[in-house]
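Asker: Structure file run32.cif, mmCIF, C-alpha atoms, is pasted below:
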data_work
#
loop_
_atom_site.group_PDB
_atom_site.id
_atom_site.type_symbol
_atom_site.label_atom_id
_atom_site.label_comp_id
_atom_site.auth_asym_id
_atom_site.auth_seq_id
_atom_site.Cartn_x
_atom_site.Cartn_y
_atom_site.Cartn_z
ATOM 1 C CA MET G 1 15.094 -12.617 -19.355
ATOM 2 C CA LYS G 2 16.071 -14.898 -16.480
ATOM 3 C CA GLN G 3 14.481 -18.005 -15.023
ATOM 4 C CA GLY G 4 11.818 -16.947 -12.520
ATOM 5 C CA ASP G 5 11.367 -13.371 -13.774
ATOM 6 C CA LEU G 6 7.788 -12.127 -13.568
ATOM 7 C CA ILE G 7 6.317 -11.347 -16.986
ATOM 8 C CA LEU G 8 2.964 -10.159 -18.250
ATOM 9 C CA LEU G 9 1.496 -11.494 -21.503
ATOM 10 C CA VAL G 10 -1.346 -9.410 -22.987
ATOM 11 C CA SER G 11 -3.678 -10.891 -25.581
ATOM 12 C CA PRO G 12 -5.090 -8.983 -28.593
ATOM 13 C CA LYS G 13 -8.332 -8.568 -26.606
ATOM 14 C CA GLY G 14 -6.521 -7.239 -23.537
ATOM 15 C CA LYS G 15 -6.606 -10.373 -21.383
ATOM 16 C CA ARG G 16 -3.561 -10.507 -19.107
ATOM 17 C CA TYR G 17 -1.523 -13.505 -18.009
ATOM 18 C CA LEU G 18 0.935 -12.962 -15.131
ATOM 19 C CA ARG G 19 3.513 -15.752 -15.088
ATOM 20 C CA ARG G 20 7.083 -16.522 -14.027
ATOM 21 C CA PHE G 21 9.458 -17.101 -16.904
ATOM 22 C CA ASP G 22 10.472 -20.687 -17.517
ATOM 23 C CA PRO G 23 11.906 -21.474 -20.975
ATOM 24 C CA GLU G 24 10.426 -25.010 -20.796
ATOM 25 C CA MET G 25 6.891 -23.793 -20.130
ATOM 26 C CA VAL G 26 4.021 -23.736 -22.632
ATOM 27 C CA LEU G 27 1.068 -21.438 -21.879
ATOM 28 C CA HIS G 28 -2.356 -22.589 -23.109
ATOM 29 C CA THR G 29 -4.818 -19.772 -23.897
ATOM 30 C CA GLN G 30 -8.082 -19.476 -25.827
ATOM 31 C CA GLU G 31 -6.048 -17.871 -28.632
ATOM 32 C CA GLY G 32 -3.589 -20.756 -28.802
ATOM 33 C CA MET G 33 -0.370 -22.026 -27.227
ATOM 34 C CA ILE G 34 2.683 -19.877 -26.429
ATOM 35 C CA ARG G 35 6.131 -21.411 -25.981
ATOM 36 C CA PHE G 36 8.099 -19.526 -23.358
ATOM 37 C CA ALA G 37 11.353 -20.284 -25.191
ATOM 38 C CA GLU G 38 10.031 -17.898 -27.862
ATOM 39 C CA VAL G 39 8.998 -15.409 -25.166
ATOM 40 C CA GLY G 40 12.588 -15.415 -23.920
ATOM 41 C CA ARG G 41 13.944 -14.685 -27.397
ATOM 42 C CA ALA G 42 11.472 -11.827 -27.935
ATOM 43 C CA GLY G 43 12.186 -10.281 -24.530
ATOM 44 C CA SER G 44 10.301 -7.688 -22.509
ATOM 45 C CA GLY G 45 8.617 -5.155 -24.772
ATOM 46 C CA GLY G 46 8.542 -7.631 -27.642
ATOM 47 C CA ALA G 47 5.740 -9.782 -28.988
ATOM 48 C CA VAL G 48 5.176 -13.446 -29.679
ATOM 49 C CA ALA G 49 2.539 -15.300 -31.709
ATOM 50 C CA THR G 50 0.541 -18.304 -30.567
ATOM 51 C CA HIS G 51 0.428 -21.427 -32.724
ATOM 52 C CA LEU G 52 -2.862 -20.010 -34.124
ATOM 53 C CA GLY G 53 -1.202 -16.755 -35.115
ATOM 54 C CA HIS G 54 -2.567 -14.429 -32.396
ATOM 55 C CA VAL G 55 0.038 -11.895 -31.244
ATOM 56 C CA PHE G 56 0.670 -11.375 -27.512
ATOM 57 C CA ARG G 57 2.636 -8.417 -26.153
ATOM 58 C CA ILE G 58 5.321 -9.210 -23.518
ATOM 59 C CA LEU G 59 5.554 -6.669 -20.698
ATOM 60 C CA ARG G 60 7.262 -6.172 -17.362
ATOM 61 C CA PRO G 61 4.409 -6.124 -14.804
ATOM 62 C CA SER G 62 3.776 -2.966 -12.793
ATOM 63 C CA THR G 63 2.713 -2.914 -9.140
ATOM 64 C CA TYR G 64 -0.838 -2.411 -10.422
ATOM 65 C CA ASP G 65 -0.596 -5.649 -12.434
ATOM 66 C CA LEU G 66 0.772 -7.562 -9.447
ATOM 67 C CA ILE G 67 -2.051 -6.393 -7.162
ATOM 68 C CA LYS G 68 -4.757 -7.189 -9.691
ATOM 69 C CA GLY G 69 -3.202 -10.592 -10.313
ATOM 70 C CA VAL G 70 -3.175 -11.935 -6.743
ATOM 71 C CA LYS G 71 -5.285 -14.923 -5.804
ATOM 72 C CA ARG G 72 -8.079 -13.748 -3.533
ATOM 73 C CA SER G 73 -10.634 -15.148 -1.125
ATOM 74 C CA THR G 74 -11.388 -11.698 0.301
ATOM 75 C CA GLN G 75 -12.122 -8.342 -1.325
ATOM 76 C CA ILE G 76 -8.753 -6.686 -1.933
ATOM 77 C CA MET G 77 -8.160 -2.954 -1.781
ATOM 78 C CA TYR G 78 -8.427 -1.325 -5.195
ATOM 79 C CA PRO G 79 -5.368 0.382 -6.699
ATOM 80 C CA LYS G 80 -7.257 3.707 -6.628
ATOM 81 C CA GLU G 81 -7.222 3.569 -2.806
ATOM 82 C CA ILE G 82 -3.796 1.973 -2.496
ATOM 83 C CA GLY G 83 -2.090 4.773 -4.439
ATOM 84 C CA TYR G 84 -3.478 7.433 -2.099
ATOM 85 C CA VAL G 85 -2.633 5.339 0.970
ATOM 86 C CA ILE G 86 0.991 4.994 -0.178
ATOM 87 C CA LEU G 87 1.308 8.790 -0.517
ATOM 88 C CA LYS G 88 -0.561 9.733 2.679
ATOM 89 C CA LEU G 89 1.417 7.306 4.821
ATOM 90 C CA GLY G 90 4.730 8.381 3.268
ATOM 91 C CA ILE G 91 5.643 4.858 2.176
ATOM 92 C CA GLY G 92 9.037 4.649 0.508
ATOM 93 C CA PRO G 93 12.469 3.011 0.761
ATOM 94 C CA GLY G 94 13.495 2.407 4.357
ATOM 95 C CA VAL G 95 10.042 2.976 5.876
ATOM 96 C CA ARG G 96 8.762 0.590 8.555
ATOM 97 C CA VAL G 97 4.988 0.165 8.321
ATOM 98 C CA VAL G 98 2.519 -1.914 10.335
ATOM 99 C CA GLU G 99 -0.633 -3.321 8.725
ATOM 100 C CA SER G 100 -3.490 -5.187 10.344
ATOM 101 C CA GLY G 101 -5.959 -7.140 8.251
ATOM 102 C CA SER G 102 -3.692 -8.809 5.667
ATOM 103 C CA GLY G 103 -6.627 -10.403 3.840
ATOM 104 C CA SER G 104 -5.469 -11.662 0.453
ATOM 105 C CA GLY G 105 -2.350 -9.471 0.636
ATOM 106 C CA GLY G 106 -3.066 -6.813 -2.010
ATOM 107 C CA LEU G 107 -2.069 -3.833 0.135
ATOM 108 C CA THR G 108 0.687 -5.872 1.802
ATOM 109 C CA LEU G 109 2.198 -6.488 -1.627
ATOM 110 C CA ALA G 110 2.113 -2.788 -2.526
ATOM 111 C CA LEU G 111 3.654 -1.775 0.799
ATOM 112 C CA ALA G 112 6.405 -4.378 0.423
ATOM 113 C CA TRP G 113 7.151 -3.159 -3.111
ATOM 114 C CA HIS G 114 7.561 0.462 -2.006
ATOM 115 C CA VAL G 115 9.545 0.034 1.245
ATOM 116 C CA GLY G 116 12.344 -1.663 -0.694
ATOM 117 C CA ASP G 117 14.942 -3.956 0.815
ATOM 118 C CA THR G 118 15.856 -1.351 3.457
ATOM 119 C CA GLY G 119 12.309 -1.035 4.830
ATOM 120 C CA ARG G 120 9.965 -3.489 6.510
ATOM 121 C CA VAL G 121 6.289 -4.407 6.522
ATOM 122 C CA TYR G 122 4.800 -5.948 9.676
ATOM 123 C CA THR G 123 1.397 -7.452 8.831
ATOM 124 C CA PHE G 124 -1.086 -9.021 11.239
ATOM 125 C CA GLU G 125 -3.955 -11.355 10.327
ATOM 126 C CA LYS G 126 -5.881 -13.381 12.905
ATOM 127 C CA ARG G 127 -7.601 -15.766 10.453
ATOM 128 C CA PRO G 128 -5.250 -18.642 9.498
ATOM 129 C CA GLU G 129 -6.697 -19.134 5.998
ATOM 130 C CA PHE G 130 -6.106 -15.490 5.051
ATOM 131 C CA TYR G 131 -2.663 -15.554 6.686
ATOM 132 C CA ALA G 132 -1.714 -18.506 4.467
ATOM 133 C CA LEU G 133 -3.139 -16.936 1.297
ATOM 134 C CA ALA G 134 -1.338 -13.621 1.816
ATOM 135 C CA GLY G 135 1.901 -15.540 2.276
ATOM 136 C CA GLU G 136 1.367 -17.429 -0.981
ATOM 137 C CA ASN G 137 0.711 -14.204 -2.898
ATOM 138 C CA LEU G 138 3.792 -12.493 -1.473
ATOM 139 C CA ALA G 139 5.943 -15.506 -2.327
ATOM 140 C CA ALA G 140 4.510 -15.610 -5.856
ATOM 141 C CA VAL G 141 5.815 -12.107 -6.608
ATOM 142 C CA GLY G 142 9.085 -12.513 -4.692
ATOM 143 C CA LEU G 143 8.398 -9.983 -1.911
ATOM 144 C CA GLY G 144 8.027 -12.228 1.120
ATOM 145 C CA HIS G 145 11.519 -11.366 2.404
ATOM 146 C CA ARG G 146 10.405 -7.767 3.080
ATOM 147 C CA VAL G 147 7.455 -8.744 5.271
ATOM 148 C CA SER G 148 7.119 -10.005 8.845
ATOM 149 C CA ARG G 149 3.792 -11.880 9.057
ATOM 150 C CA HIS G 150 1.954 -12.703 12.261
ATOM 151 C CA THR G 151 -1.262 -14.555 13.119
ATOM 152 C CA GLN G 152 -2.302 -12.320 15.964
ATOM 153 C CA ASP G 153 -5.454 -10.693 17.299
ATOM 154 C CA ILE G 154 -4.326 -7.084 17.692
ATOM 155 C CA ALA G 155 -6.640 -6.693 20.695
ATOM 156 C CA GLU G 156 -3.624 -8.200 22.479
ATOM 157 C CA GLY G 157 -1.305 -5.608 20.928
ATOM 158 C CA PHE G 158 1.284 -5.797 18.183
ATOM 159 C CA TYR G 159 3.795 -7.930 20.115
ATOM 160 C CA PRO G 160 3.145 -11.654 19.558
ATOM 161 C CA GLU G 161 5.539 -14.264 20.915
ATOM 162 C CA SER G 162 7.372 -14.313 17.582
ATOM 163 C CA VAL G 163 8.540 -10.718 18.078
ATOM 164 C CA VAL G 164 12.114 -10.337 19.282
ATOM 165 C CA ARG G 165 12.411 -6.934 20.965
ATOM 166 C CA GLY G 166 15.069 -4.820 19.288
ATOM 167 C CA ASP G 167 15.165 -7.033 16.170
ATOM 168 C CA PRO G 168 14.152 -4.855 13.172
ATOM 169 C CA LEU G 169 13.003 -7.941 11.253
ATOM 170 C CA THR G 170 10.251 -8.721 13.783
ATOM 171 C CA ASP G 171 9.902 -5.802 16.234
ATOM 172 C CA PRO G 172 7.508 -3.097 14.941
ATOM 173 C CA THR G 173 8.261 -0.610 17.751
ATOM 174 C CA ASP G 174 8.378 3.042 16.617
ATOM 175 C CA ALA G 175 6.794 2.245 13.258
ATOM 176 C CA ASP G 176 6.822 5.074 10.705
ATOM 177 C CA ALA G 177 3.209 4.403 9.635
ATOM 178 C CA LEU G 178 0.280 2.110 10.374
ATOM 179 C CA PHE G 179 -2.815 0.987 8.457
ATOM 180 C CA LEU G 180 -5.887 -0.730 9.918
ATOM 181 C CA ASP G 181 -8.251 -2.650 7.646
ATOM 182 C CA VAL G 182 -10.416 -4.185 10.371
ATOM 183 C CA ARG G 183 -14.144 -4.052 11.118
ATOM 184 C CA THR G 184 -13.967 -2.086 14.391
ATOM 185 C CA PRO G 185 -10.737 -0.036 14.272
ATOM 186 C CA TRP G 186 -11.902 2.222 17.130
ATOM 187 C CA ASP G 187 -11.315 -0.729 19.469
ATOM 188 C CA TYR G 188 -7.577 -0.761 18.646
ATOM 189 C CA LEU G 189 -6.510 2.894 18.713
ATOM 190 C CA ASP G 190 -4.517 2.544 21.931
ATOM 191 C CA GLN G 191 -2.721 -0.541 20.615
ATOM 192 C CA ALA G 192 -1.896 1.312 17.396
ATOM 193 C CA ALA G 193 -0.600 4.404 19.191
ATOM 194 C CA ALA G 194 1.644 2.252 21.388
ATOM 195 C CA VAL G 195 3.558 0.843 18.400
ATOM 196 C CA MET G 196 3.913 4.085 16.368
ATOM 197 C CA ARG G 197 6.564 6.781 16.621
ATOM 198 C CA PRO G 198 5.308 10.253 17.648
ATOM 199 C CA GLY G 199 3.833 12.175 14.728
ATOM 200 C CA ALA G 200 3.512 9.101 12.474
ATOM 201 C CA PRO G 201 0.496 8.812 10.110
ATOM 202 C CA ILE G 202 -2.243 6.207 10.455
ATOM 203 C CA GLY G 203 -4.855 5.120 7.891
ATOM 204 C CA PHE G 204 -8.123 3.190 7.992
ATOM 205 C CA LEU G 205 -10.383 1.546 5.392
ATOM 206 C CA LEU G 206 -14.111 1.272 6.176
ATOM 207 C CA PRO G 207 -17.065 0.318 3.953
ATOM 208 C CA THR G 208 -19.913 2.211 5.685
ATOM 209 C CA THR G 209 -20.616 5.682 7.056
ATOM 210 C CA ASN G 210 -21.822 4.445 10.444
ATOM 211 C CA GLN G 211 -18.412 2.816 10.958
ATOM 212 C CA ILE G 212 -16.753 6.146 10.165
ATOM 213 C CA THR G 213 -18.932 7.856 12.780
ATOM 214 C CA GLU G 214 -17.848 5.310 15.405
ATOM 215 C CA LEU G 215 -14.212 5.795 14.415
ATOM 216 C CA LEU G 216 -14.471 9.595 14.621
ATOM 217 C CA TRP G 217 -15.911 9.342 18.130
ATOM 218 C CA GLY G 218 -13.027 7.066 19.050
ATOM 219 C CA LEU G 219 -10.401 9.361 17.510
ATOM 220 C CA GLU G 220 -11.700 12.299 19.582
ATOM 221 C CA LYS G 221 -10.628 10.443 22.736
ATOM 222 C CA SER G 222 -7.388 9.052 21.273
ATOM 223 C CA PRO G 223 -3.802 10.326 20.855
ATOM 224 C CA PHE G 224 -4.537 11.006 17.159
ATOM 225 C CA GLU G 225 -5.275 14.325 15.433
ATOM 226 C CA ASP G 226 -5.326 15.984 11.962
ATOM 227 C CA ILE G 227 -8.192 13.782 10.706
ATOM 228 C CA GLU G 228 -9.222 13.404 7.052
ATOM 229 C CA VAL G 229 -12.187 11.419 5.652
ATOM 230 C CA LEU G 230 -12.606 10.755 1.929
ATOM 231 C CA GLU G 231 -13.572 8.323 -0.803
ATOM 232 C CA ILE G 232 -12.031 7.949 -4.252
ATOM 233 C CA LEU G 233 -14.078 7.408 -7.393
ATOM 234 C CA VAL G 234 -12.665 6.466 -10.812
ATOM 235 C CA ARG G 235 -14.538 7.027 -14.076
ATOM 236 C CA ARG G 236 -12.837 5.728 -17.203
ATOM 237 C CA TYR G 237 -13.515 6.945 -20.742
ATOM 238 C CA LYS G 238 -13.759 4.987 -23.975
ATOM 239 C CA PRO G 239 -10.461 5.710 -25.803
ATOM 240 C CA VAL G 240 -12.091 6.301 -29.206
ATOM 241 C CA PRO G 241 -11.169 9.729 -30.671
ATOM 242 C CA GLU G 242 -14.334 10.255 -32.740
ATOM 243 C CA ARG G 243 -16.741 9.400 -29.892
ATOM 244 C CA LEU G 244 -14.991 10.023 -26.600
ATOM 245 C CA ARG G 245 -17.363 9.421 -23.700
ATOM 246 C CA PRO G 246 -17.426 7.727 -20.281
ATOM 247 C CA GLU G 247 -17.515 3.967 -19.982
ATOM 248 C CA ASP G 248 -20.972 2.539 -19.316
ATOM 249 C CA ARG G 249 -19.805 1.218 -15.935
ATOM 250 C CA MET G 250 -17.461 2.682 -13.328
ATOM 251 C CA VAL G 251 -15.681 1.630 -10.161
ATOM 252 C CA ALA G 252 -17.447 3.906 -7.711
ATOM 253 C CA HIS G 253 -17.685 3.320 -3.969
ATOM 254 C CA THR G 254 -15.338 0.582 -2.778
ATOM 255 C CA GLY G 255 -14.578 1.982 0.664
ATOM 256 C CA PHE G 256 -13.991 5.112 2.738
ATOM 257 C CA LEU G 257 -10.499 6.147 3.760
ATOM 258 C CA VAL G 258 -9.732 7.881 7.051
ATOM 259 C CA PHE G 259 -6.328 9.309 7.947
ATOM 260 C CA ALA G 260 -4.891 10.873 11.096
ATOM 261 C CA ARG G 261 -1.556 11.472 12.795
ATOM 262 C CA HIS G 262 -0.152 10.414 16.117
ATOM 263 C CA GLY G 263 -0.369 13.515 18.283
ATOM 264 C CA GLY G 264 3.285 13.287 19.228
ATOM 265 C CA ARG G 265 4.989 14.260 22.425
ATOM 266 C CA GLY G 266 4.050 17.128 24.736
ATOM 267 C CA VAL G 267 4.889 20.757 24.063
ATOM 268 C CA CYS G 268 8.588 21.576 24.398
ATOM 269 C CA PRO G 269 9.123 24.400 26.932
ATOM 270 C CA PRO G 270 10.015 27.686 25.164
ATOM 271 C CA LEU G 271 13.427 29.260 25.450
ATOM 272 C CA PRO G 272 13.726 32.442 27.504
ATOM 273 C CA PRO G 273 13.284 35.532 25.243
ATOM 274 C CA ALA G 274 16.903 36.540 25.761
ATOM 275 C CA ASP G 275 18.042 33.289 24.117
ATOM 276 C CA PHE G 276 16.373 34.116 20.774
ATOM 277 C CA PRO G 277 18.612 35.682 18.117
ATOM 278 C CA ASP G 278 17.703 39.046 16.584
ATOM 279 C CA SER G 279 17.349 37.352 13.184
ATOM 280 C CA LEU G 280 16.346 33.920 11.964
ATOM 281 C CA ASP G 281 18.202 31.719 9.484
ATOM 282 C CA THR G 282 15.974 30.826 6.531
ATOM 283 C CA PRO G 283 16.609 29.090 3.202
ATOM 284 C CA TRP G 284 16.796 32.587 1.656
ATOM 285 C CA GLY G 285 19.227 34.117 4.155
ATOM 286 C CA THR G 286 18.442 35.946 7.386
ATOM 287 C CA ALA G 287 15.170 37.613 8.291
ATOM 288 C CA PRO G 288 13.787 39.596 11.254
ATOM 289 C CA ARG G 289 12.273 37.642 14.089
ATOM 290 C CA GLU G 290 8.765 38.761 13.080
ATOM 291 C CA MET G 291 8.293 37.133 9.680
ATOM 292 C CA GLU G 292 5.348 37.389 7.338
ATOM 293 C CA ASP G 293 3.072 34.340 7.246
ATOM 294 C CA ILE G 294 3.591 32.836 3.771
ATOM 295 C CA SER G 295 1.537 29.680 4.288
ATOM 296 C CA GLY G 296 -0.912 29.019 1.486
ATOM 297 C CA PRO G 297 -4.493 27.781 1.640
ATOM 298 C CA SER G 298 -5.057 24.333 3.063
ATOM 299 C CA ASP G 299 -5.330 21.382 0.658
#
Step by step, read the file and then write its structure as structure tokens.
Answerer:
Amino acid sequence: MKQGDLILLVSPKGKRYLRRFDPEMVLHTQEGMIRFAEVGRAGSGGAVATHLGHVFRILRPSTYDLIKGVKRSTQIMYPKEIGYVILKLGIGPGVRVVESGSGSGGLTLALAWHVGDTGRVYTFEKRPEFYALAGENLAAVGLGHRVSRHTQDIAEGFYPESVVRGDPLTDPTDADALFLDVRTPWDYLDQAAAVMRPGAPIGFLLPTTNQITELLWGLEKSPFEDIEVLEILVRRYKPVPERLRPEDRMVAHTGFLVFARHGGRGVCPPLPPADFPDSLDTPWGTAPREMEDISGPSD
């Protein structure tokens, strides 16, 4: 365990403490004091006792733990939505993704984690207090170097003065994905389309159905297609073998998700019939030009 490593200490009652490792530090909890010198000797996966004898487990924090541990002055996106967003937008190493509405930085953190050091997150937040808070949270988990942050009203587009055209660290042109967490996203569809590569996915988070209706009307007149609307509910169960049943409370509606894709470029003119081969190369060898449709049912 090295100086500055992020660690998670879990109490016997399940309370979690996300801290950076410092061998000189002493953590004060309701169950007693923990010396980090002893945490370092126990290591990740080990356990350490407080001076009152309560045992804390030492863990390496997951992305879920980091998101839940951020300081917040706004409602952050829940992990149940973030996980689906990551998959739908195709976020992974090397991906360049634009986000508007940084808020407290929960989604920004998750995006930065998944794009890796070869990708880039470009996040826009017009309110200075939220811009500052998101920056603090990214710095706290050591991911700020993967993110370009801008205080910019996206009504003016995604090219503030701080953008250097052609510089991948600041220029979001031809982004691989985009996510809007703003109150009236239908007002910014043209600005979003202008910064995305053809065919790239876009996502939206909205709290009410009337906002979704407005967005759907806007999408009908936009360059976007392949629209999906959904919400994600999570119901946990009490992990007691002899009386397994749902928890008394659940995280139900926290927001609606909407996804679409940039419509892409125009239709490529077809080749003259004489230019088509008599057979087509497929992963299984060659096949006649007229092939059976093997597509399955839609998701």
Asker: For the file shown, what are the residues hit by the PyMOL selection byres ((chain G and resi 122) around 8), laid out as a list in words?
Answerer: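 When the PyMOL selection byres ((chain G and resi 122) around 8) is applied to the shown file, the picked residues are Arg96, Val97, Val98, Glu99, Arg120, Val121, Thr123, Phe124, Val147, Ser148, Arg149, His150, Thr170 and Pro172 of chain G.
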Asker: Kindly export the residues of the current selection with C-alpha atoms, as an mmCIF file, keeping the file's coordinate frame.
Answerer:
data_model
loop_
_atom_site.group_PDB
_atom_site.id
_atom_site.type_symbol
_atom_site.label_atom_id
_atom_site.label_comp_id
_atom_site.auth_asym_id
_atom_site.auth_seq_id
_atom_site.Cartn_x
_atom_site.Cartn_y
_atom_site.Cartn_z
ATOM 1 C CA ARG G 96 8.762 0.590 8.555
ATOM 2 C CA VAL G 97 4.988 0.165 8.321
ATOM 3 C CA VAL G 98 2.519 -1.914 10.335
ATOM 4 C CA GLU G 99 -0.633 -3.321 8.725
ATOM 5 C CA ARG G 120 9.965 -3.489 6.510
ATOM 6 C CA VAL G 121 6.289 -4.407 6.522
ATOM 7 C CA THR G 123 1.397 -7.452 8.831
ATOM 8 C CA PHE G 124 -1.086 -9.021 11.239
ATOM 9 C CA VAL G 147 7.455 -8.744 5.271
ATOM 10 C CA SER G 148 7.119 -10.005 8.845
ATOM 11 C CA ARG G 149 3.792 -11.880 9.057
ATOM 12 C CA HIS G 150 1.954 -12.703 12.261
ATOM 13 C CA THR G 170 10.251 -8.721 13.783
ATOM 14 C CA PRO G 172 7.508 -3.097 14.941
#
Asker: Have a look at CA of Gly119 in chain G and CA of Asp153 in chain G and let me know their distance in Å, one decimal.
Answerer: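 Rounded to one decimal, the two atoms are 23.8 Å apart.
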Asker: Please report, as CSV, each residue of range 19-107 of chain G lying at most 10 Å from range 135-141 of chain G, together with the nearest pair of atoms and the separation in Å rounded to one decimal; use all atoms listed in the file, and order rows by chain and ascending residue number.
Answerer:
residue,atom,partner,partner_atom,distance
G:Arg19,CA,G:Ala140,CA,9.3
G:Arg20,CA,G:Ala140,CA,8.6
G:Leu66,CA,G:Val141,CA,7.4
G:Ile67,CA,G:Asn137,CA,9.3
G:Gly69,CA,G:Asn137,CA,9.1
G:Val70,CA,G:Asn137,CA,5.9
G:Lys71,CA,G:Asn137,CA,6.7
G:Arg72,CA,G:Asn137,CA,8.8
G:Ser102,CA,G:Gly135,CA,9.4
G:Ser104,CA,G:Asn137,CA,7.5
G:Gly105,CA,G:Asn137,CA,6.7
G:Gly106,CA,G:Asn137,CA,8.3
Asker: Between G:Gly263, G:Gly83, G:Gly43, G:Pro207, single out the one closest to Arg60 in chain G, counting all atoms listed in the file.
Answerer: G:Gly43
Asker: Near Lys80 in chain G, counting only C-alpha atoms, which residues have an atom at most 9 Å away, once you skip same-chain residues fewer than 4 positions from it, shown as a PDB file with C-alpha atoms, keeping the file's coordinate frame?
Answerer:
ATOM      1  CA  TYR G  84      -3.478   7.433  -2.099  1.00  0.00           C
ATOM      2  CA  ILE G 232     -12.031   7.949  -4.252  1.00  0.00           C
ATOM      3  CA  LEU G 233     -14.078   7.408  -7.393  1.00  0.00           C
ATOM      4  CA  VAL G 234     -12.665   6.466 -10.812  1.00  0.00           C
TER       5      VAL G 234
END
Asker: Check the smallest atom-to-atom distance from each of G:Gly45, G:Asp181, G:Gly157, G:Glu228 to Val195 in chain G using all atoms listed in the file, then report the winner.
Answerer: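 Looking at the shortest contact to Val195 in chain G, the residue is G:Gly157.
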Asker: Find the residue from G:His253, G:Arg16, G:His28, G:Arg236 that sits nearest to Ile58 in chain G; use only C-alpha atoms when measuring.
Answerer: G:Arg16
